[in-house]
file my_file00.pdb (PDB, C-alpha atoms (C1' of nucleotides))
ATOM      1  CA  MET A 264     111.822 134.619 -95.453
ATOM      2  CA  ALA A 265     113.689 137.894 -95.392
ATOM      3  CA  ALA A 266     117.216 137.786 -96.726
ATOM      4  CA  GLU A 267     118.576 139.032 -93.433
ATOM      5  CA  LEU A 268     117.314 135.958 -91.603
ATOM      6  CA  LYS A 269     119.356 133.677 -93.858
ATOM      7  CA  LYS A 270     122.494 135.206 -92.450
ATOM      8  CA  TYR A 271     121.423 134.184 -88.967
ATOM      9  CA  LYS A 272     120.427 130.692 -90.113
ATOM     10  CA  MET A 273     123.935 130.216 -91.460
ATOM     11  CA  LYS A 274     125.463 131.573 -88.299
ATOM     12  CA  LEU A 275     123.575 129.008 -86.228
ATOM     13  CA  ARG A 276     124.635 126.188 -88.567
ATOM     14  CA  ASP A 277     128.239 127.377 -88.576
ATOM     15  CA  HIS A 278     128.259 126.880 -84.830
ATOM     16  CA  GLY A 279     126.699 123.427 -85.017
ATOM     17  CA  LEU A 280     123.402 124.667 -83.624
ATOM     18  CA  LYS A 281     120.009 123.668 -84.865
ATOM     19  CA  VAL A 282     117.833 126.149 -86.719
ATOM     20  CA  THR A 283     114.588 125.917 -84.793
ATOM     21  CA  GLU A 284     111.388 127.861 -85.245
ATOM     22  CA  LYS A 285     111.637 129.315 -81.756
ATOM     23  CA  ARG A 286     115.163 130.540 -82.297
ATOM     24  CA  MET A 287     114.355 132.177 -85.601
ATOM     25  CA  THR A 288     111.242 133.811 -84.185
ATOM     26  CA  MET A 289     113.318 135.074 -81.295
ATOM     27  CA  ILE A 290     115.887 136.579 -83.660
ATOM     28  CA  GLU A 291     113.091 138.198 -85.695
ATOM     29  CA  LEU A 292     111.740 139.745 -82.518
ATOM     30  CA  PHE A 293     115.117 141.276 -81.721
ATOM     31  CA  LEU A 294     115.494 142.538 -85.280
ATOM     32  CA  ASN A 295     112.132 144.278 -85.013
ATOM     33  CA  GLU A 296     112.859 145.746 -81.581
ATOM     34  CA  ASP A 297     116.219 147.437 -81.735
ATOM     35  CA  ARG A 298     116.578 147.821 -77.980
ATOM     36  CA  TYR A 299     117.292 145.803 -74.856
ATOM     37  CA  LEU A 300     114.577 143.274 -73.964
ATOM     38  CA  SER A 301     114.261 141.301 -70.754
ATOM     39  CA  ALA A 302     113.486 137.586 -70.650
ATOM     40  CA  LYS A 303     109.997 138.502 -69.531
ATOM     41  CA  GLU A 304     109.428 140.823 -72.485
ATOM     42  CA  VAL A 305     110.635 138.082 -74.819
ATOM     43  CA  GLN A 306     108.236 135.651 -73.171
ATOM     44  CA  GLU A 307     105.322 138.065 -73.502
ATOM     45  CA  GLN A 308     106.030 138.713 -77.172
ATOM     46  CA  LEU A 309     106.626 135.107 -78.163
ATOM     47  CA  HIS A 310     103.724 133.817 -76.088
ATOM     48  CA  LYS A 311     101.407 135.043 -78.865
ATOM     49  CA  THR A 312     102.961 132.610 -81.329
ATOM     50  CA  TYR A 313     104.084 129.910 -78.896
ATOM     51  CA  PRO A 314     101.792 129.819 -75.853
ATOM     52  CA  SER A 315     103.810 127.033 -74.281
ATOM     53  CA  LEU A 316     107.282 128.521 -74.695
ATOM     54  CA  SER A 317     109.103 127.928 -71.428
ATOM     55  CA  TYR A 318     111.553 130.161 -69.615
ATOM     56  CA  ASP A 319     114.089 127.388 -69.806
ATOM     57  CA  THR A 320     114.018 127.688 -73.586
ATOM     58  CA  ILE A 321     114.070 131.471 -73.492
ATOM     59  CA  TYR A 322     117.061 131.797 -71.185
ATOM     60  CA  ARG A 323     118.979 128.996 -72.878
ATOM     61  CA  ASN A 324     118.492 130.564 -76.281
ATOM     62  CA  LEU A 325     119.250 134.077 -75.113
ATOM     63  CA  TYR A 326     122.610 132.929 -73.803
ATOM     64  CA  THR A 327     123.239 130.642 -76.774
ATOM     65  CA  LEU A 328     122.618 133.536 -79.153
ATOM     66  CA  LYS A 329     124.847 135.709 -77.053
ATOM     67  CA  GLU A 330     127.665 133.142 -77.249
ATOM     68  CA  ILE A 331     127.629 133.262 -81.049
ATOM     69  CA  GLU A 332     127.380 137.054 -80.965
ATOM     70  CA  VAL A 333     123.918 137.341 -82.429
ATOM     71  CA  LEU A 334     122.856 139.115 -79.265
ATOM     72  CA  GLU A 335     124.638 141.268 -76.718
ATOM     73  CA  ASN A 336     123.511 141.669 -73.129
ATOM     74  CA  THR A 337     123.736 143.950 -70.143
ATOM     75  CA  ASN A 338     122.390 144.139 -66.656
ATOM     76  CA  PHE A 339     119.877 146.959 -66.884
ATOM     77  CA  GLU A 340     117.325 147.887 -64.235
ATOM     78  CA  GLY A 341     118.157 144.897 -62.088
ATOM     79  CA  GLU A 342     117.701 142.249 -64.746
ATOM     80  CA  MET A 343     119.700 140.848 -67.624
ATOM     81  CA  GLN A 344     118.550 142.320 -70.904
ATOM     82  CA  PHE A 345     119.466 141.435 -74.479
ATOM     83  CA  LYS A 346     119.526 143.201 -77.823
ATOM     84  CA  ILE A 347     120.545 142.314 -81.340
ATOM     85  CA  SER A 348     124.268 142.780 -81.824
ATOM     86  CA  CYS A 349     124.508 145.859 -83.925
ATOM     87  CA  SER A 350     128.082 146.445 -84.886
ATOM     88  CA  ASP A 351     131.125 144.364 -85.574
ATOM     89  CA  HIS A 352     133.673 146.642 -83.931
ATOM     90  CA  HIS A 353     134.198 147.593 -80.309
ATOM     91  CA  HIS A 354     131.438 149.884 -79.105
ATOM     92  CA  HIS A 355     129.185 150.808 -76.200
ATOM     93  CA  HIS A 356     125.655 152.143 -75.905
ATOM     94  CA  PHE A 357     123.574 155.070 -74.915
ATOM     95  CA  ILE A 358     120.179 153.913 -73.606
ATOM     96  CA  CYS A 359     117.157 156.209 -73.472
ATOM     97  CA  GLU A 360     115.562 155.789 -70.061
ATOM     98  CA  GLU A 361     112.228 156.895 -71.449
ATOM     99  CA  CYS A 362     111.721 154.733 -74.542
ATOM    100  CA  GLY A 363     114.549 152.226 -74.246
ATOM    101  CA  ASN A 364     116.033 152.970 -77.642
ATOM    102  CA  THR A 365     119.774 152.750 -77.936
ATOM    103  CA  LYS A 366     122.502 154.537 -79.824
ATOM    104  CA  VAL A 367     125.986 153.239 -80.503
ATOM    105  CA  ILE A 368     128.911 155.140 -78.995
ATOM    106  CA  HIS A 369     132.192 154.716 -80.815
ATOM    107  CA  TYR A 370     134.645 156.536 -78.570
ATOM    108  CA  CYS A 371     136.148 154.347 -75.852
ATOM    109  CA  PRO A 372     139.188 155.396 -73.824
ATOM    110  CA  VAL A 373     140.112 151.962 -72.496
ATOM    111  CA  ASP A 374     143.756 152.569 -73.437
ATOM    112  CA  THR A 375     143.801 155.766 -71.414
ATOM    113  CA  TRP A 376     142.438 153.909 -68.417
ATOM    114  CA  GLN A 377     144.970 151.116 -68.801
ATOM    115  CA  ASN A 378     147.588 153.814 -68.812
ATOM    116  CA  GLU A 379     146.212 155.504 -65.691
ATOM    117  CA  LEU A 380     146.190 152.182 -63.813
ATOM    118  CA  ASP A 381     149.360 150.738 -65.202
ATOM    119  CA  ASP A 382     149.871 148.160 -62.443
ATOM    120  CA  VAL A 383     146.606 146.305 -63.119
ATOM    121  CA  GLU A 384     145.482 144.231 -66.077
ATOM    122  CA  ILE A 385     142.147 145.346 -67.518
ATOM    123  CA  THR A 386     140.458 142.327 -69.072
ATOM    124  CA  ASN A 387     136.966 143.648 -69.392
ATOM    125  CA  HIS A 388     135.030 146.867 -69.056
ATOM    126  CA  LYS A 389     131.553 148.284 -69.085
ATOM    127  CA  VAL A 390     130.553 151.688 -70.363
ATOM    128  CA  GLU A 391     126.917 152.692 -70.569
ATOM    129  CA  LEU A 392     125.310 156.098 -70.945
ATOM    130  CA  TYR A 393     121.745 156.782 -69.879
ATOM    131  CA  GLY A 394     119.465 159.725 -70.481
ATOM    132  CA  LEU A 395     116.907 161.028 -72.932
ATOM    133  CA  CYS A 396     117.108 160.559 -76.681
ATOM    134  CA  ALA A 397     116.336 163.359 -79.119
ATOM    135  CA  GLY A 398     112.722 162.241 -79.435
ATOM    136  CA  CYS A 399     112.066 161.991 -75.706
ATOM    137  CA  LYS A 400     113.751 165.194 -74.587
TER     138      LYS A 400
ATOM    139  CA  MET B 145     134.936 155.072 -30.869
ATOM    140  CA  ALA B 146     137.263 155.925 -33.689
ATOM    141  CA  ALA B 147     137.238 159.547 -34.766
ATOM    142  CA  GLU B 148     136.241 158.544 -38.275
ATOM    143  CA  LEU B 149     132.979 157.072 -37.044
ATOM    144  CA  LYS B 150     131.939 160.399 -35.545
ATOM    145  CA  LYS B 151     131.847 161.873 -39.032
ATOM    146  CA  TYR B 152     129.332 159.218 -40.044
ATOM    147  CA  LYS B 153     127.287 159.712 -36.884
ATOM    148  CA  MET B 154     126.961 163.375 -37.721
ATOM    149  CA  LYS B 155     126.060 162.590 -41.294
ATOM    150  CA  LEU B 156     123.198 160.381 -40.148
ATOM    151  CA  ARG B 157     121.952 163.061 -37.750
ATOM    152  CA  ASP B 158     122.254 165.770 -40.404
ATOM    153  CA  HIS B 159     119.832 163.764 -42.507
ATOM    154  CA  GLY B 160     117.387 163.258 -39.630
ATOM    155  CA  LEU B 161     118.264 159.573 -39.339
ATOM    156  CA  LYS B 162     118.763 157.727 -36.106
ATOM    157  CA  VAL B 163     122.218 156.567 -35.087
ATOM    158  CA  THR B 164     121.615 152.902 -34.346
ATOM    159  CA  GLU B 165     124.086 150.216 -33.327
ATOM    160  CA  LYS B 166     123.309 148.196 -36.425
ATOM    161  CA  ARG B 167     123.928 151.117 -38.735
ATOM    162  CA  MET B 168     127.209 152.022 -37.097
ATOM    163  CA  THR B 169     128.368 148.407 -37.140
ATOM    164  CA  MET B 170     127.435 148.219 -40.800
ATOM    165  CA  ILE B 171     129.464 151.346 -41.563
ATOM    166  CA  GLU B 172     132.419 149.927 -39.617
ATOM    167  CA  LEU B 173     132.221 146.766 -41.695
ATOM    168  CA  PHE B 174     132.406 148.761 -44.914
ATOM    169  CA  LEU B 175     135.293 150.829 -43.583
ATOM    170  CA  ASN B 176     137.216 147.643 -42.830
ATOM    171  CA  GLU B 177     136.410 146.029 -46.180
ATOM    172  CA  ASP B 178     137.235 148.519 -48.875
ATOM    173  CA  ARG B 179     135.440 146.625 -51.626
ATOM    174  CA  TYR B 180     131.953 145.841 -52.906
ATOM    175  CA  LEU B 181     129.921 143.617 -50.570
ATOM    176  CA  SER B 182     126.616 141.926 -51.330
ATOM    177  CA  ALA B 183     123.672 141.941 -48.932
ATOM    178  CA  LYS B 184     124.463 138.322 -48.218
ATOM    179  CA  GLU B 185     128.076 139.081 -47.287
ATOM    180  CA  VAL B 186     126.892 141.868 -45.000
ATOM    181  CA  GLN B 187     124.443 139.456 -43.372
ATOM    182  CA  GLU B 188     127.173 136.844 -42.879
ATOM    183  CA  GLN B 189     129.555 139.349 -41.324
ATOM    184  CA  LEU B 190     127.037 141.050 -39.056
ATOM    185  CA  HIS B 191     125.416 137.783 -38.031
ATOM    186  CA  LYS B 192     128.369 137.238 -35.681
ATOM    187  CA  THR B 193     127.431 140.329 -33.679
ATOM    188  CA  TYR B 194     123.677 140.361 -34.351
ATOM    189  CA  PRO B 195     122.389 136.822 -34.908
ATOM    190  CA  SER B 196     118.864 138.070 -35.500
ATOM    191  CA  LEU B 197     119.642 140.846 -37.987
ATOM    192  CA  SER B 198     117.045 140.598 -40.729
ATOM    193  CA  TYR B 199     117.418 141.133 -44.450
ATOM    194  CA  ASP B 200     114.779 143.819 -44.256
ATOM    195  CA  THR B 201     117.078 145.814 -41.993
ATOM    196  CA  ILE B 202     120.106 145.122 -44.146
ATOM    197  CA  TYR B 203     118.543 146.189 -47.419
ATOM    198  CA  ARG B 204     116.816 149.205 -45.903
ATOM    199  CA  ASN B 205     120.045 150.431 -44.348
ATOM    200  CA  LEU B 206     122.141 149.728 -47.431
ATOM    201  CA  TYR B 207     119.846 151.918 -49.505
ATOM    202  CA  THR B 208     119.482 154.521 -46.751
ATOM    203  CA  LEU B 209     123.262 154.812 -46.490
ATOM    204  CA  LYS B 210     123.467 155.038 -50.236
ATOM    205  CA  GLU B 211     120.953 157.897 -50.293
ATOM    206  CA  ILE B 212     123.110 159.972 -47.948
ATOM    207  CA  GLU B 213     126.219 159.037 -49.940
ATOM    208  CA  VAL B 214     127.906 157.002 -47.236
ATOM    209  CA  LEU B 215     127.829 154.026 -49.611
ATOM    210  CA  GLU B 216     127.887 153.657 -53.365
ATOM    211  CA  ASN B 217     126.469 150.675 -55.195
ATOM    212  CA  THR B 218     126.688 148.764 -58.435
ATOM    213  CA  ASN B 219     125.200 145.694 -59.977
ATOM    214  CA  PHE B 220     128.093 143.261 -59.963
ATOM    215  CA  GLU B 221     127.898 139.546 -60.716
ATOM    216  CA  GLY B 222     124.133 139.587 -60.912
ATOM    217  CA  GLU B 223     123.482 141.187 -57.546
ATOM    218  CA  MET B 224     123.530 144.663 -56.082
ATOM    219  CA  GLN B 225     126.731 145.299 -54.182
ATOM    220  CA  PHE B 226     127.768 148.199 -51.967
ATOM    221  CA  LYS B 227     131.026 149.788 -50.864
ATOM    222  CA  ILE B 228     132.021 152.743 -48.752
ATOM    223  CA  SER B 229     131.971 155.933 -50.770
ATOM    224  CA  CYS B 230     135.606 156.688 -51.230
ATOM    225  CA  SER B 231     136.000 160.008 -52.894
ATOM    226  CA  ASP B 232     134.144 163.277 -53.030
ATOM    227  CA  HIS B 233     134.687 164.000 -56.687
ATOM    228  CA  HIS B 234     133.366 162.270 -59.782
ATOM    229  CA  HIS B 235     135.069 158.921 -60.270
ATOM    230  CA  HIS B 236     134.647 155.320 -61.359
ATOM    231  CA  HIS B 237     136.185 152.026 -60.310
ATOM    232  CA  PHE B 238     138.408 149.233 -61.389
ATOM    233  CA  ILE B 239     137.345 145.980 -59.703
ATOM    234  CA  CYS B 240     139.688 143.010 -59.380
ATOM    235  CA  GLU B 241     137.764 139.917 -60.437
ATOM    236  CA  GLU B 242     140.026 137.739 -58.297
ATOM    237  CA  CYS B 243     140.049 139.446 -54.889
ATOM    238  CA  GLY B 244     137.329 142.068 -55.274
ATOM    239  CA  ASN B 245     139.541 144.990 -54.367
ATOM    240  CA  THR B 246     138.840 148.243 -56.118
ATOM    241  CA  LYS B 247     140.863 151.157 -57.400
ATOM    242  CA  VAL B 248     139.547 154.595 -58.198
ATOM    243  CA  ILE B 249     139.767 155.806 -61.788
ATOM    244  CA  HIS B 250     139.829 159.542 -62.219
ATOM    245  CA  TYR B 251     139.650 159.965 -65.979
ATOM    246  CA  CYS B 252     136.113 160.127 -67.340
ATOM    247  CA  PRO B 253     135.310 161.316 -70.860
ATOM    248  CA  VAL B 254     131.619 161.993 -70.337
ATOM    249  CA  ASP B 255     131.982 165.355 -72.066
ATOM    250  CA  THR B 256     133.474 163.684 -75.112
ATOM    251  CA  TRP B 257     130.552 161.286 -75.234
ATOM    252  CA  GLN B 258     128.031 164.093 -74.865
ATOM    253  CA  ASN B 259     129.765 165.742 -77.772
ATOM    254  CA  GLU B 260     129.670 162.594 -79.902
ATOM    255  CA  LEU B 261     125.916 162.182 -79.247
ATOM    256  CA  ASP B 262     124.948 165.812 -79.334
ATOM    257  CA  ASP B 263     121.232 165.211 -79.940
ATOM    258  CA  VAL B 264     120.680 163.276 -76.700
ATOM    259  CA  GLU B 265     120.826 164.352 -73.082
ATOM    260  CA  ILE B 266     123.114 162.198 -70.955
ATOM    261  CA  THR B 267     121.820 162.253 -67.390
ATOM    262  CA  ASN B 268     123.689 159.307 -65.994
ATOM    263  CA  HIS B 269     126.464 156.929 -66.924
ATOM    264  CA  LYS B 270     128.243 153.824 -65.771
ATOM    265  CA  VAL B 271     131.914 153.063 -66.266
ATOM    266  CA  GLU B 272     133.494 150.039 -64.677
ATOM    267  CA  LEU B 273     136.762 148.286 -65.417
ATOM    268  CA  TYR B 274     137.371 144.664 -64.502
ATOM    269  CA  GLY B 275     140.511 142.581 -64.441
ATOM    270  CA  LEU B 276     143.381 141.583 -62.190
ATOM    271  CA  CYS B 277     145.005 143.889 -59.682
ATOM    272  CA  ALA B 278     148.771 144.066 -59.219
ATOM    273  CA  GLY B 279     148.669 141.507 -56.430
ATOM    274  CA  CYS B 280     146.540 138.971 -58.282
ATOM    275  CA  LYS B 281     148.269 139.129 -61.653
TER     276      LYS B 281
ATOM    277  C1'  DT C 180     112.450 107.348 -93.195
ATOM    278  C1'  DT C 181     115.047 106.344 -89.457
ATOM    279  C1'  DA C 182     118.073 107.249 -85.674
ATOM    280  C1'  DC C 183     120.107 110.235 -82.639
ATOM    281  C1'  DA C 184     121.559 114.272 -80.519
ATOM    282  C1'  DA C 185     119.898 118.661 -79.564
ATOM    283  C1'  DA C 186     116.065 121.434 -78.229
ATOM    284  C1'  DT C 187     111.833 122.143 -75.786
ATOM    285  C1'  DC C 188     108.174 121.418 -72.287
ATOM    286  C1'  DG C 189     106.290 121.413 -67.865
ATOM    287  C1'  DT C 190     107.171 122.192 -63.590
ATOM    288  C1'  DA C 191     109.806 122.648 -59.425
ATOM    289  C1'  DA C 192     113.615 124.730 -56.990
ATOM    290  C1'  DT C 193     116.697 128.442 -55.846
ATOM    291  C1'  DG C 194     118.318 132.871 -54.562
ATOM    292  C1'  DA C 195     117.963 137.821 -54.271
ATOM    293  C1'  DT C 196     114.935 141.199 -52.947
ATOM    294  C1'  DT C 197     110.683 143.235 -51.092
ATOM    295  C1'  DA C 198     106.634 143.559 -48.038
ATOM    296  C1'  DC C 199     104.329 143.779 -43.772
ATOM    297  C1'  DT C 200     102.809 143.449 -38.971
ATOM    298  C1'  DT C 201     104.526 143.500 -34.439
ATOM    299  C1'  DT C 202     107.989 144.882 -31.268
ATOM    300  C1'  DA C 203     112.042 147.562 -29.791
ATOM    301  C1'  DT C 204     114.843 151.613 -29.600
ATOM    302  C1'  DA C 205     116.778 156.423 -30.343
ATOM    303  C1'  DA C 206     115.610 161.137 -30.069
ATOM    304  C1'  DT C 207     113.073 164.816 -27.948
ATOM    305  C1'  DA C 208     110.765 167.496 -24.636
ATOM    306  C1'  DA C 209     108.772 167.971 -20.038
TER     307       DA C 209
ATOM    308  C1'  DT D 193     115.406 161.287 -15.790
ATOM    309  C1'  DT D 194     111.261 159.829 -17.656
ATOM    310  C1'  DA D 195     107.472 159.787 -20.905
ATOM    311  C1'  DT D 196     106.306 160.224 -25.605
ATOM    312  C1'  DT D 197     106.686 159.456 -30.321
ATOM    313  C1'  DA D 198     108.468 158.401 -34.625
ATOM    314  C1'  DT D 199     111.877 155.646 -36.652
ATOM    315  C1'  DA D 200     114.168 151.232 -36.918
ATOM    316  C1'  DA D 201     114.385 146.300 -36.509
ATOM    317  C1'  DA D 202     112.554 141.477 -36.055
ATOM    318  C1'  DG D 203     110.291 137.732 -37.793
ATOM    319  C1'  DT D 204     108.309 135.904 -41.402
ATOM    320  C1'  DA D 205     106.001 135.505 -45.816
ATOM    321  C1'  DA D 206     105.667 136.842 -50.583
ATOM    322  C1'  DT D 207     107.532 138.088 -55.043
ATOM    323  C1'  DC D 208     110.351 137.985 -58.985
ATOM    324  C1'  DA D 209     114.191 136.620 -61.931
ATOM    325  C1'  DT D 210     116.693 132.801 -62.936
ATOM    326  C1'  DT D 211     118.112 127.924 -62.939
ATOM    327  C1'  DA D 212     117.409 122.912 -62.900
ATOM    328  C1'  DC D 213     115.772 118.596 -64.572
ATOM    329  C1'  DG D 214     113.239 114.420 -66.237
ATOM    330  C1'  DA D 215     110.113 113.497 -69.989
ATOM    331  C1'  DT D 216     109.001 114.528 -74.674
ATOM    332  C1'  DT D 217     109.590 116.538 -79.232
ATOM    333  C1'  DT D 218     112.092 118.084 -83.262
ATOM    334  C1'  DG D 219     115.936 119.110 -86.627
ATOM    335  C1'  DT D 220     119.496 116.971 -89.031
ATOM    336  C1'  DA D 221     122.227 113.685 -91.442
ATOM    337  C1'  DA D 222     122.651 109.145 -93.116
TER     338       DA D 222
END

call {"tool": "encode", "arguments": {"input": "my_file00.pdb", "output": "structure tokens"}}
result
Amino acid sequence: MAAELKKYKMKLRDHGLKVTEKRMTMIELFLNEDRYLSAKEVQEQLHKTYPSLSYDTIYRNLYTLKEIEVLENTNFEGEMQFKISCSDHHHHHFICEECGNTKVIHYCPVDTWQNELDDVEITNHKVELYGLCAGCK
Amino acid sequence: MAAELKKYKMKLRDHGLKVTEKRMTMIELFLNEDRYLSAKEVQEQLHKTYPSLSYDTIYRNLYTLKEIEVLENTNFEGEMQFKISCSDHHHHHFICEECGNTKVIHYCPVDTWQNELDDVEITNHKVELYGLCAGCK
DNA sequence: TTACAAATCGTAATGATTACTTTATAATAA
DNA sequence: TTATTATAAAGTAATCATTACGATTTGTAA
């Protein structure tokens, strides 16, 4: 097993979760595909290895892995999509609408916005850029 | 009829669309509720006046009104929601997670982001702030 | 190896959204 | 004002993502 997977095994154990084949295969899939995947895409990919994998398992694990910050998610094109969590500091993403690949954006002016709207309390925010990546332009 | 509604009547005509009772009532609803409404909320409100109003009509008109920029929409809480288009210049929204009311945000650093990711072409972006408004804090 | 809680399966239910055929209505011209 | 026509709406069914749940299997710790 690749060294990187051990890190994820430990993360599951640290949270009192079981290390199951399905979960590890799911994590491997996300490591190989560094972009947002829908539940359906996950099902299609994992169906090859586990023909009986149910949506119940897929959705439960997607959200479990999100809880422990292995994955991050966003509502993209009308459905919830997930990708491997790529950075340990606050960031947002650019998503290529052609190929789906993502790039991390570091600049985030949430403080400026909090300042502009000083009578509200911002508890959460979403920033997402869409367009064409260098390769797809 | 309120003077404001005439503006919307003309906008429909300018786009070659018919001015129907249902459409005008829908626009009135959005003018009265200055926040994001789901298709279901629109159905519940308009059901009082039009008990037979179908979802087909609701969805078609929501997207028609969005096309001509009478409404704007966003995917919020897992469903597509619509609100009256409130400003004629580029802007984003703060949405109160308690009462649903929105505030316009004027600052948008899309140029800064384009600069940070200078090898991609940003064609679209989403910025949304969530939290508690002054009243709900 | 056993026992138990957690995870998965298989399948059904739900809820938002879309599709489609028939019917009604707004706009236009005579 | 009326007839004509294209657009809009009704009524209903289908689709698709997501959730739910009882029965079964599996990972883990003793």

call {"tool": "residues_around", "arguments": {"input": "my_file00.pdb", "residues": "DT216 (chain D)", "least_positions_apart": "5", "cutoff": "12 Å", "atoms": "all atoms listed in the file", "output": "list in words"}}
result
DA186, DT187, DC188 and DG189 of chain C

call {"tool": "interface_residues", "arguments": {"input": "my_file00.pdb", "of": "chain C", "to": "chain B", "cutoff": "10 Å", "atoms": "only C-alpha atoms (C1' of nucleotides)", "output": "list in words"}}
result
DA195, DT196, DT197, DA198, DT204, DA205 and DA206 of chain C

call {"tool": "residues_around", "arguments": {"input": "my_file00.pdb", "residues": "DA201 (chain D)", "least_positions_apart": "3", "cutoff": "9 Å", "atoms": "only C-alpha atoms (C1' of nucleotides)", "output": "JSON, numbers by chain"}}
result
{"B": [197, 198, 200, 201], "C": [202, 203, 204]}

call {"tool": "write_last_selection", "arguments": {"input": "my_file00.pdb", "atoms": "C-alpha atoms (C1' of nucleotides)", "output": "mmCIF file, in the coordinates of the input"}}
result
data_model
loop_
_atom_site.group_PDB
_atom_site.id
_atom_site.type_symbol
_atom_site.label_atom_id
_atom_site.label_comp_id
_atom_site.auth_asym_id
_atom_site.auth_seq_id
_atom_site.Cartn_x
_atom_site.Cartn_y
_atom_site.Cartn_z
ATOM 1 C CA LEU B 197 119.642 140.846 -37.987
ATOM 2 C CA SER B 198 117.045 140.598 -40.729
ATOM 3 C CA ASP B 200 114.779 143.819 -44.256
ATOM 4 C CA THR B 201 117.078 145.814 -41.993
ATOM 5 C "C1'" DT C 202 107.989 144.882 -31.268
ATOM 6 C "C1'" DA C 203 112.042 147.562 -29.791
ATOM 7 C "C1'" DT C 204 114.843 151.613 -29.600
#

call {"tool": "resolve_selection", "arguments": {"input": "my_file00.pdb", "expression": "the PyMOL selection byres ((chain C and resi 180-183) around 12)", "output": "list in words"}}
result
DA184 and DA185 of chain C; DT218, DG219, DT220, DA221 and DA222 of chain D

call {"tool": "atom_distance", "arguments": {"input": "my_file00.pdb", "atom1": "CA of Leu181 (chain B)", "atom2": "CA of Tyr393 (chain A)"}}
result
24.8 Å

call {"tool": "residues_around", "arguments": {"input": "my_file00.pdb", "residues": "Glu211 (chain B)", "least_positions_apart": "3", "cutoff": "12 Å", "atoms": "only C-alpha atoms (C1' of nucleotides)", "output": "PyMOL selection string"}}
result
chain B and resi 155-156+159+161+204-208+214-217+226+229

call {"tool": "residues_near_point", "arguments": {"input": "my_file00.pdb", "point": "(118.9, 158.9, -69.4)", "cutoff": "12 Å", "atoms": "only C-alpha atoms (C1' of nucleotides)", "output": "PyMOL selection string"}}
result
(chain A and resi 356-366+391-397+399-400) or (chain B and resi 258+264-270)
